Each structure stands twice: as C-alpha cells, then as structure tokens.
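Heads up, structure-v7.txt below (compact mmCIF, C-alpha atoms):
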# COMPACT_ATOMS: atom_id res chain seq x y z
CA MET A 207 -22.01 -9.62 -2.36
CA SER A 208 -22.40 -10.78 -5.95
CA THR A 209 -25.37 -8.48 -6.58
CA ASP A 210 -23.61 -5.42 -5.13
CA THR A 211 -21.98 -4.09 -8.27
CA PHE A 212 -20.66 -0.71 -9.31
CA THR A 213 -20.45 0.95 -12.69
CA LEU A 214 -17.38 2.60 -14.11
CA ALA A 215 -17.33 4.23 -17.53
CA GLY A 216 -20.43 2.29 -18.53
CA LYS A 217 -19.11 -1.13 -17.46
CA THR A 218 -20.30 -3.09 -14.42
CA PHE A 219 -17.89 -4.67 -11.95
CA GLN A 220 -18.35 -6.89 -8.91
CA SER A 221 -14.94 -6.50 -7.27
CA ARG A 222 -14.28 -3.12 -5.71
CA LEU A 223 -10.58 -3.85 -5.32
CA LEU A 224 -8.40 -2.36 -8.06
CA ILE A 225 -4.86 -3.67 -8.05
CA GLY A 226 -1.53 -2.59 -9.48
CA THR A 227 1.09 -4.71 -11.18
CA GLY A 228 4.37 -3.08 -10.12
CA LYS A 229 6.95 -3.98 -7.47
CA TYR A 230 6.40 -7.76 -7.47
CA LYS A 231 9.44 -10.02 -7.77
CA ASP A 232 8.27 -11.29 -11.17
CA PHE A 233 5.22 -11.60 -13.42
CA ASN A 234 4.31 -14.99 -11.95
CA GLU A 235 3.93 -13.48 -8.49
CA THR A 236 1.97 -10.61 -10.02
CA LYS A 237 -0.41 -13.08 -11.63
CA SER A 238 -0.88 -15.11 -8.44
CA ALA A 239 -1.61 -12.05 -6.30
CA ILE A 240 -4.09 -10.64 -8.77
CA GLU A 241 -5.92 -13.92 -9.15
CA THR A 242 -6.16 -14.28 -5.37
CA SER A 243 -7.39 -10.69 -4.93
CA GLY A 244 -10.42 -11.26 -7.13
CA ALA A 245 -9.78 -7.89 -8.78
CA GLU A 246 -11.29 -7.24 -12.18
CA ILE A 247 -9.49 -3.96 -12.91
CA VAL A 248 -5.71 -4.14 -13.14
CA THR A 249 -3.64 -0.99 -13.51
CA VAL A 250 -0.37 -0.92 -15.46
CA ALA A 251 2.35 1.76 -15.47
CA VAL A 252 2.95 2.15 -19.20
CA ARG A 253 6.33 3.84 -18.71
CA ARG A 254 7.62 1.07 -16.44
CA THR A 255 5.97 -2.16 -17.59
CA ASN A 256 6.18 -3.83 -20.97
CA ILE A 257 2.77 -4.32 -22.57
CA GLY A 258 4.13 -4.61 -26.09
CA GLN A 259 6.32 -1.55 -26.52
CA GLU A 260 9.50 -3.62 -25.92
CA ALA A 261 9.58 -6.36 -28.54
CA GLY A 262 11.27 -9.55 -27.38
CA GLU A 263 10.92 -8.70 -23.66
CA PRO A 264 8.51 -10.48 -21.27
CA ASN A 265 5.06 -8.99 -21.75
CA LEU A 266 2.76 -8.51 -18.75
CA LEU A 267 -0.26 -9.18 -20.96
CA ASP A 268 0.95 -12.77 -21.42
CA PHE A 269 0.30 -13.23 -17.69
CA ILE A 270 -2.62 -10.84 -17.15
CA SER A 271 -4.93 -11.30 -20.12
CA PRO A 272 -7.06 -8.37 -21.35
CA ASP A 273 -9.70 -11.03 -22.11
CA LYS A 274 -10.04 -11.68 -18.37
CA TYR A 275 -9.24 -8.30 -16.82
CA THR A 276 -9.97 -4.67 -17.59
CA ILE A 277 -6.49 -3.28 -18.14
CA LEU A 278 -6.14 0.25 -16.78
CA PRO A 279 -3.03 1.92 -18.17
CA ASN A 280 -1.68 4.66 -15.91
CA THR A 281 0.73 7.53 -16.27
CA ALA A 282 2.93 6.79 -13.24
CA GLY A 283 6.28 8.56 -13.57
CA CYS A 284 4.88 11.52 -15.50
CA TYR A 285 5.62 15.00 -14.14
CA THR A 286 4.03 17.17 -16.83
CA ALA A 287 0.70 17.23 -18.61
CA ASP A 288 2.42 16.69 -21.95
CA GLU A 289 4.19 13.54 -20.70
CA ALA A 290 0.95 12.16 -19.32
CA VAL A 291 -1.04 12.82 -22.50
CA ARG A 292 1.64 11.18 -24.66
CA THR A 293 1.69 8.15 -22.37
CA CYS A 294 -2.09 7.73 -22.60
CA LYS A 295 -1.94 7.94 -26.38
CA LEU A 296 0.80 5.28 -26.44
CA ALA A 297 -1.35 3.03 -24.24
CA ARG A 298 -4.33 3.47 -26.55
CA GLU A 299 -2.18 2.46 -29.50
CA LEU A 300 -0.72 -0.58 -27.72
CA LEU A 301 -4.13 -1.73 -26.47
CA ASP A 302 -6.02 -1.42 -29.76
CA GLY A 303 -7.97 1.73 -29.04
CA HIS A 304 -8.50 1.22 -25.29
CA ASP A 305 -9.74 4.56 -23.92
CA LEU A 306 -10.03 4.03 -20.14
CA VAL A 307 -6.93 5.42 -18.41
CA LYS A 308 -5.75 6.35 -14.95
CA LEU A 309 -4.16 9.78 -14.97
CA GLU A 310 -1.56 10.81 -12.44
CA VAL A 311 0.72 13.80 -12.90
CA LEU A 312 3.25 14.04 -10.10
CA GLY A 313 4.72 17.15 -8.51
CA ASP A 314 8.07 15.89 -7.21
CA GLN A 315 10.01 12.69 -6.71
CA LYS A 316 10.17 12.91 -2.91
CA THR A 317 6.43 13.01 -2.11
CA LEU A 318 4.89 11.87 -5.43
CA TYR A 319 2.16 14.35 -4.56
CA PRO A 320 -0.06 15.27 -7.52
CA ASN A 321 0.65 18.43 -9.47
CA ILE A 322 -2.90 19.73 -9.71
CA VAL A 323 -2.19 22.41 -12.34
CA HIS A 324 -0.77 19.84 -14.75
CA THR A 325 -3.42 17.29 -13.76
CA LEU A 326 -6.21 19.68 -14.73
CA LYS A 327 -4.47 20.51 -18.01
CA ALA A 328 -3.96 16.85 -18.90
CA CYS A 329 -7.56 16.00 -18.00
CA GLU A 330 -8.86 18.68 -20.32
CA GLU A 331 -6.76 17.45 -23.24
CA LEU A 332 -7.53 13.78 -22.70
CA ILE A 333 -11.28 14.28 -22.32
CA LYS A 334 -11.33 16.34 -25.53
CA ASP A 335 -9.55 13.40 -27.19
CA ASN A 336 -12.32 11.03 -26.03
CA PHE A 337 -10.41 9.31 -23.25
CA LYS A 338 -12.32 8.10 -20.20
CA VAL A 339 -10.22 9.48 -17.38
CA MET A 340 -9.89 8.16 -13.84
CA VAL A 341 -7.82 10.77 -12.06
CA TYR A 342 -5.42 10.62 -9.10
CA THR A 343 -5.64 13.78 -7.04
CA ASN A 344 -5.15 15.22 -3.58
CA ASP A 345 -7.94 15.16 -1.00
CA ASP A 346 -9.16 18.69 -1.73
CA PRO A 347 -12.96 18.63 -2.17
CA ILE A 348 -12.91 21.66 -4.47
CA VAL A 349 -10.38 20.07 -6.81
CA ALA A 350 -12.34 16.80 -6.76
CA GLN A 351 -15.51 18.65 -7.74
CA GLU A 352 -13.71 20.48 -10.55
CA LEU A 353 -12.34 17.20 -11.95
CA GLU A 354 -15.80 15.66 -11.90
CA GLN A 355 -17.32 18.67 -13.64
CA MET A 356 -14.65 18.45 -16.35
CA GLY A 357 -15.91 14.96 -17.18
CA CYS A 358 -13.64 12.51 -15.35
CA VAL A 359 -15.35 9.13 -14.97
CA ALA A 360 -13.86 8.58 -11.48
CA VAL A 361 -12.04 10.75 -8.97
CA MET A 362 -9.27 9.06 -6.97
CA PRO A 363 -8.17 11.04 -3.91
CA LEU A 364 -5.08 9.87 -2.07
CA GLY A 365 -5.40 8.35 1.37
CA SER A 366 -1.79 9.34 2.03
CA LEU A 367 1.39 9.50 -0.03
CA ILE A 368 1.96 6.84 -2.70
CA GLY A 369 3.72 3.80 -1.25
CA SER A 370 3.74 5.21 2.29
CA GLY A 371 1.38 2.68 3.90
CA LEU A 372 0.14 5.38 6.27
CA GLY A 373 -3.52 4.71 5.61
CA ILE A 374 -6.23 7.38 5.30
CA LEU A 375 -4.85 10.45 7.06
CA ASN A 376 -7.67 12.87 6.29
CA PRO A 377 -10.98 10.99 6.35
CA HIS A 378 -12.94 14.19 6.87
CA ASN A 379 -11.97 15.60 3.47
CA ILE A 380 -12.77 12.33 1.77
CA LYS A 381 -16.19 12.33 3.42
CA ILE A 382 -16.84 15.79 1.97
CA ILE A 383 -15.74 14.57 -1.45
CA LEU A 384 -18.11 11.61 -1.14
CA GLU A 385 -21.04 13.80 -0.11
CA GLN A 386 -20.84 15.96 -3.22
CA ALA A 387 -19.74 13.38 -5.81
CA LYS A 388 -21.86 11.90 -8.59
CA VAL A 389 -19.05 9.76 -10.02
CA PRO A 390 -17.23 6.88 -8.29
CA ILE A 391 -14.76 7.94 -5.60
CA ILE A 392 -11.91 5.46 -5.31
CA VAL A 393 -9.20 5.85 -2.68
CA ASP A 394 -5.84 5.68 -4.40
CA ALA A 395 -2.48 5.58 -2.57
CA GLY A 396 -1.42 5.12 1.02
CA VAL A 397 -3.16 1.88 1.97
CA GLY A 398 -0.84 -0.24 4.11
CA THR A 399 -2.93 -3.10 5.41
CA ALA A 400 -6.40 -4.61 5.35
CA SER A 401 -7.90 -2.30 7.98
CA ASP A 402 -7.05 0.74 5.84
CA ALA A 403 -9.00 -0.73 2.94
CA ALA A 404 -11.94 -1.56 5.19
CA ILE A 405 -12.06 2.00 6.52
CA ALA A 406 -12.23 3.43 3.00
CA MET A 407 -15.11 1.13 2.15
CA GLU A 408 -16.94 1.81 5.42
CA MET A 409 -16.88 5.50 4.52
CA GLY A 410 -18.76 4.78 1.31
CA CYS A 411 -16.01 4.83 -1.31
CA GLU A 412 -16.81 2.83 -4.42
CA GLY A 413 -13.47 1.09 -4.32
CA VAL A 414 -9.80 1.14 -3.37
CA LEU A 415 -6.77 0.98 -5.64
CA MET A 416 -3.55 -0.40 -4.21
CA ASN A 417 -0.21 -1.84 -5.23
CA THR A 418 2.61 -1.50 -2.69
CA ALA A 419 0.52 -2.75 0.24
CA ILE A 420 0.25 -6.10 -1.50
CA ALA A 421 3.47 -6.27 -3.52
CA HIS A 422 5.70 -5.32 -0.57
CA ALA A 423 3.95 -7.48 2.01
CA GLY A 424 5.94 -10.39 3.44
CA ASN A 425 3.56 -12.72 1.62
CA PRO A 426 1.96 -10.80 -1.26
CA VAL A 427 -0.49 -13.53 -2.23
CA LEU A 428 -1.75 -13.88 1.34
CA MET A 429 -2.08 -10.09 1.64
CA ALA A 430 -4.06 -10.05 -1.60
CA SER A 431 -6.48 -12.48 0.04
CA ALA A 432 -6.70 -10.26 3.13
CA MET A 433 -7.40 -7.18 1.02
CA LYS A 434 -10.18 -8.94 -0.86
CA LYS A 435 -11.89 -9.80 2.42
CA ALA A 436 -11.33 -6.31 3.85
CA ILE A 437 -12.95 -4.66 0.84
CA GLU A 438 -15.96 -6.97 1.10
CA ALA A 439 -16.29 -6.53 4.88
CA GLY A 440 -15.98 -2.75 4.68
CA ARG A 441 -18.59 -2.58 1.94
CA GLU A 442 -21.01 -4.75 3.90
CA ALA A 443 -20.51 -2.60 6.99
CA PHE A 444 -21.29 0.52 4.95
CA LEU A 445 -24.45 -1.04 3.52
CA ALA A 446 -25.52 -2.29 6.96
CA GLY A 447 -25.11 1.13 8.54
CA ARG A 448 -23.01 1.44 11.67
CA MET A 449 -24.48 2.22 15.09
CA ASP A 450 -24.36 5.78 16.37
CA LYS A 451 -21.35 6.71 18.46
CA LYS A 452 -22.20 7.57 22.07
CA ALA A 453 -20.33 9.40 24.78
CA TYR A 454 -21.37 6.96 27.49
CA ALA A 455 -22.04 3.28 27.93
CA SER A 456 -25.29 1.71 26.81
CA ALA A 457 -26.23 -1.68 28.22
CA SER A 458 -26.53 -4.45 25.65
CA SER A 459 -29.12 -6.35 27.66
CA PRO A 460 -32.67 -5.07 28.41
CA LEU A 461 -33.06 -3.20 31.69
CA SER A 462 -36.65 -4.36 32.27
CA GLY A 463 -37.43 -7.60 34.05
CA LEU A 464 -34.25 -7.68 36.14
CA VAL A 465 -34.04 -10.34 38.85
CA LYS A 466 -34.06 -8.71 42.28
Let me see the structure of the file written as structure tokens.
Amino acid sequence: MSTDTFTLAGKTFQSRLLIGTGKYKDFNETKSAIETSGAEIVTVAVRRTNIGQEAGEPNLLDFISPDKYTILPNTAGCYTADEAVRTCKLARELLDGHDLVKLEVLGDQKTLYPNIVHTLKACEELIKDNFKVMVYTNDDPIVAQELEQMGCVAVMPLGSLIGSGLGILNPHNIKIILEQAKVPIIVDAGVGTASDAAIAMEMGCEGVLMNTAIAHAGNPVLMASAMKKAIEAGREAFLAGRMDKKAYASASSPLSGLVK
C-alpha cells in the first residue's frame, strides 16, 4: 500500500485515515491512538482544544507535533459563517500562516447537521482570503458540486450525524458525489466501527475522517489499530474491483470434467 498515495492541497499522503483529537481522556491517550492509527492528518477543534491560545495550559501540539503531522484546524462549534471565518483566521495566526483548514458550520445543537447557506458563505470568504478549504457538508450531490466549483480542495460529505456511529446511511448519494468529483471526497462523520470505514473506502472515497468512533471505543488505541486496517482493506478491495452481484448462485468449481 505504500505506493498508493493521494494528494490533498498539493501535498502527498500515504495514510487515508484522518483522525480527530477530541473526546479522549487526556492528551497521552490522544497521542497513543493517533500513533497507532498511522494517520498523517490530524484535525483539531480550535474553539475546544488549546494549541497556544491559552498560555500556561497543556498544549496539544506538545503531544502531536506539527513536524510529524499535518495539523488540520477545524471550526467545530461554529454556527455562523462569521464565527467560522474568525476561527480559521485565529488558527492561521496560531500556526504561523497555516492555510489548510476544515470548515464546518453547524445548523443546530441537536443534529449538528451542516448549515449549507452559512457553509457556502464561509467558503467564499475563506477561499478569497487564500485558505485551502476542506468542507464538511451534507450528502447532497448538487451542494457537493457547488463547493468543488467554488474552489474547495476536498469535499467531506457526512456518512450520518456527527458522533452518531450509525455508519453510511445514504451510500447512493455518496456514489453520485464520487462520480462527478474532481477533488478528494472524504467521508466525515457517522463512522462507528471498522466495517463502516471499509465500506467508505470500497466505494472509492479518498479517505475517512473520524474521531468519536475511536475516542469513545472501549479501547481507543485498539480501535485505532482496527480503523487503520479497515481503511487499508477497503482501499485494496476498491482497487481490486469487486465481483458482480448476481441474483442466483454460481458454482465456484468448474462444471466440466465432473466424475460420473
């Protein structure tokens, strides 16, 4: 799998597992899970995690070094375009000009479903300000196409609601998104276990971003290992090409030369 890379915002990565840093019991567990996952891109909720904005408090970057990982600041907890844009600008300041961000603008606290109107507005502002935007969105193929045409470097449709663990509830829409996309499509939200991640990869997604599925597992480090393997297995299955589905049985053994 080492030669099967993907490119995001001009940078090449080998791991297709993107991992979050929230909800772990402490930064040590966060570090252990991320190391085990093999992830190269690590997303950080700027409004919830200290990456330097709280002087004197434990800093995540002391455990997850930007020299080793691509830090992906995100706008989790933002409910308006203005909040999200300000958060991205703060992240760029804290990370010495870092311009790759994950945008999510939420609609309500109960579903954490994306507010597409504010998402589109924030995308427009951030792209004009030279940010490279990876965007969390719903699984609407028209919205996904619009976000790509605006200049987002990756489109990240939800599999199901954030933190729900319900898996990919609408694979048909994601397949349509994949068919028309020219930028990486990364499933974001809803993964609950390794089989969910494998399904996303078997469909042809470039990667999967997850947090709760690992952080809230009974053994987060072991689940991180399982997710790493699931991503790799799903990708290999996609590259291999699955057999056609058939309505009836088909014998595995040759029918010619039977002993009578």
TODO: Between A:Leu296, A:Ile240, A:Val397, A:Ala251, single out the one closest to Ala282 of chain A, counting all atoms listed in the file.
DONE: A:Ala251
- [ ] List the neighbours of Val311 of chain A out to 6 Å using only C-alpha atoms; skip same-chain residues closer than 4 positions along the sequence, and give me the result as a list in words.
- [x]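 The residues satisfying every condition are Cys284, Tyr285, Pro320, Asn321 and Thr325 of chain A.
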Next, the residues of the selection above should be written as an mmCIF file, keeping the file's coordinate frame with C-alpha atoms.
data_model
loop_
_atom_site.group_PDB
_atom_site.id
_atom_site.type_symbol
_atom_site.label_atom_id
_atom_site.label_comp_id
_atom_site.auth_asym_id
_atom_site.auth_seq_id
_atom_site.Cartn_x
_atom_site.Cartn_y
_atom_site.Cartn_z
ATOM 1 C CA CYS A 284 4.880 11.520 -15.500
ATOM 2 C CA TYR A 285 5.620 15.000 -14.140
ATOM 3 C CA PRO A 320 -0.060 15.270 -7.520
ATOM 4 C CA ASN A 321 0.650 18.430 -9.470
ATOM 5 C CA THR A 325 -3.420 17.290 -13.760
#
- [ ] Name the closest residue to Val339 of chain A among the candidates A:Cys294, A:Leu318, A:Leu384, A:Ala419; distances are taken between atoms, counting all atoms listed in the file.
- [x] A:Cys294
Segment 408-426 of chain A, all listed atoms, 3 Å padding on each side: what axis-aligned box centre and edge lengths in Å to one decimal come out, as lines of an AutoDock Vina configuration file?
center_x = -6.4
center_y = -3.6
center_z = -0.1
size_x = 30.7
size_y = 24.2
size_z = 17.1
Task: segment 348-351 of chain A surroundings by all atoms listed in the file, 12 Å radius, close-in-sequence under 5 positions cut, as a ChimeraX atom specification - done: /A:320-323,325-326,340-343,356-364,379-392
- [ ] To one decimal in Å, tell me the separation between atom CA of Glu331 of chain A and atom CA of Val307 of chain A.
- [x]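 Separation of atom CA of Glu331 of chain A and atom CA of Val307 of chain A: 13.0 Å.
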Can I get the residues of segment 215-330 of chain A within 6 Å of segment 423-439 of chain A, each with the closest pair of atoms and their distance in Å to one decimal, using all atoms listed in the file, sorted chain first then ascending number, as JSON lines?
{"residue": "A:Ala239", "atom": "CA", "partner": "A:Val427", "partner_atom": "CA", "distance": 4.5}
{"residue": "A:Thr242", "atom": "CA", "partner": "A:Ser431", "partner_atom": "CA", "distance": 5.7}
{"residue": "A:Ser243", "atom": "CA", "partner": "A:Ala430", "partner_atom": "CA", "distance": 4.8}
Task: Å distance separating atom CA of Leu278 of chain A from atom CA of Phe337 of chain A, one decimal place - done: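 It comes out at 11.9 Å.
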TODO: Write out as a list in words the residues lying within 10 Å of Ile225 of chain A, counting all atoms listed in the file and excluding same-chain residues fewer than 4 positions away.
DONE: Thr236, Ala239, Ile240, Ser243, Gly244, Ala245, Glu246, Ile247, Val248, Thr249, Val250, Leu278, Val414, Leu415, Met416, Asn417, Thr418, Ala419, Ile420, Ala421 and Ala430 of chain A
Task: Length of the atom CA of Lys237 of chain A to atom CA of Gly440 of chain A vector [Å] - done: 24.8 Å
Open item on the list: For a quick check of understanding, using only C-alpha atoms, which of A:Pro272, A:Gly228, A:Gly413, A:Gly283 has the smallest distance to Thr255 of chain A?
Closed with: A:Gly228
TODO: For Asn234 of chain A, work out the shell of residues within 12 Å, counting all atoms listed in the file and skipping chain neighbours fewer than 3 positions away, then give it as a list in words.
DONE: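 Surrounding residues, per the criterion: Thr227, Tyr230, Lys231, Lys237, Ser238, Ala239, Ile240, Glu241, Pro264, Asn265, Leu266, Leu267, Asp268, Phe269, Ile270, Pro426 and Val427 of chain A.
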Mind filling out segment 375-388 of chain A with N, CA and C atoms and sending it as a compact mmCIF listing (two decimals), keeping the file's coordinate frame?
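The resulting file, part.txt, is shown below:
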# COMPACT_ATOMS: atom_id res chain seq x y z
N LEU A 375 -5.24 9.46 6.06
CA LEU A 375 -4.85 10.45 7.06
C LEU A 375 -5.87 11.57 7.22
N ASN A 376 -6.69 11.78 6.21
CA ASN A 376 -7.67 12.87 6.29
C ASN A 376 -9.05 12.37 5.89
N PRO A 377 -9.66 11.53 6.71
CA PRO A 377 -10.98 10.99 6.35
C PRO A 377 -12.06 12.04 6.22
N HIS A 378 -11.90 13.16 6.92
CA HIS A 378 -12.94 14.19 6.87
C HIS A 378 -13.05 14.80 5.48
N ASN A 379 -11.92 15.06 4.83
CA ASN A 379 -11.97 15.60 3.47
C ASN A 379 -12.57 14.60 2.50
N ILE A 380 -12.22 13.35 2.67
CA ILE A 380 -12.77 12.33 1.77
C ILE A 380 -14.27 12.20 1.97
N LYS A 381 -14.74 12.35 3.18
CA LYS A 381 -16.19 12.33 3.42
C LYS A 381 -16.88 13.47 2.69
N ILE A 382 -16.27 14.65 2.70
CA ILE A 382 -16.84 15.79 1.97
C ILE A 382 -16.87 15.49 0.48
N ILE A 383 -15.79 14.93 -0.03
CA ILE A 383 -15.74 14.57 -1.45
C ILE A 383 -16.87 13.59 -1.78
N LEU A 384 -17.06 12.61 -0.92
CA LEU A 384 -18.11 11.61 -1.14
C LEU A 384 -19.50 12.24 -1.13
N GLU A 385 -19.73 13.19 -0.23
CA GLU A 385 -21.04 13.80 -0.11
C GLU A 385 -21.46 14.55 -1.37
N GLN A 386 -20.50 15.12 -2.08
CA GLN A 386 -20.84 15.96 -3.22
C GLN A 386 -20.66 15.24 -4.57
N ALA A 387 -20.11 14.04 -4.55
CA ALA A 387 -19.74 13.38 -5.81
C ALA A 387 -20.91 12.66 -6.46
N LYS A 388 -20.90 12.67 -7.79
CA LYS A 388 -21.86 11.90 -8.59
C LYS A 388 -21.16 10.87 -9.46
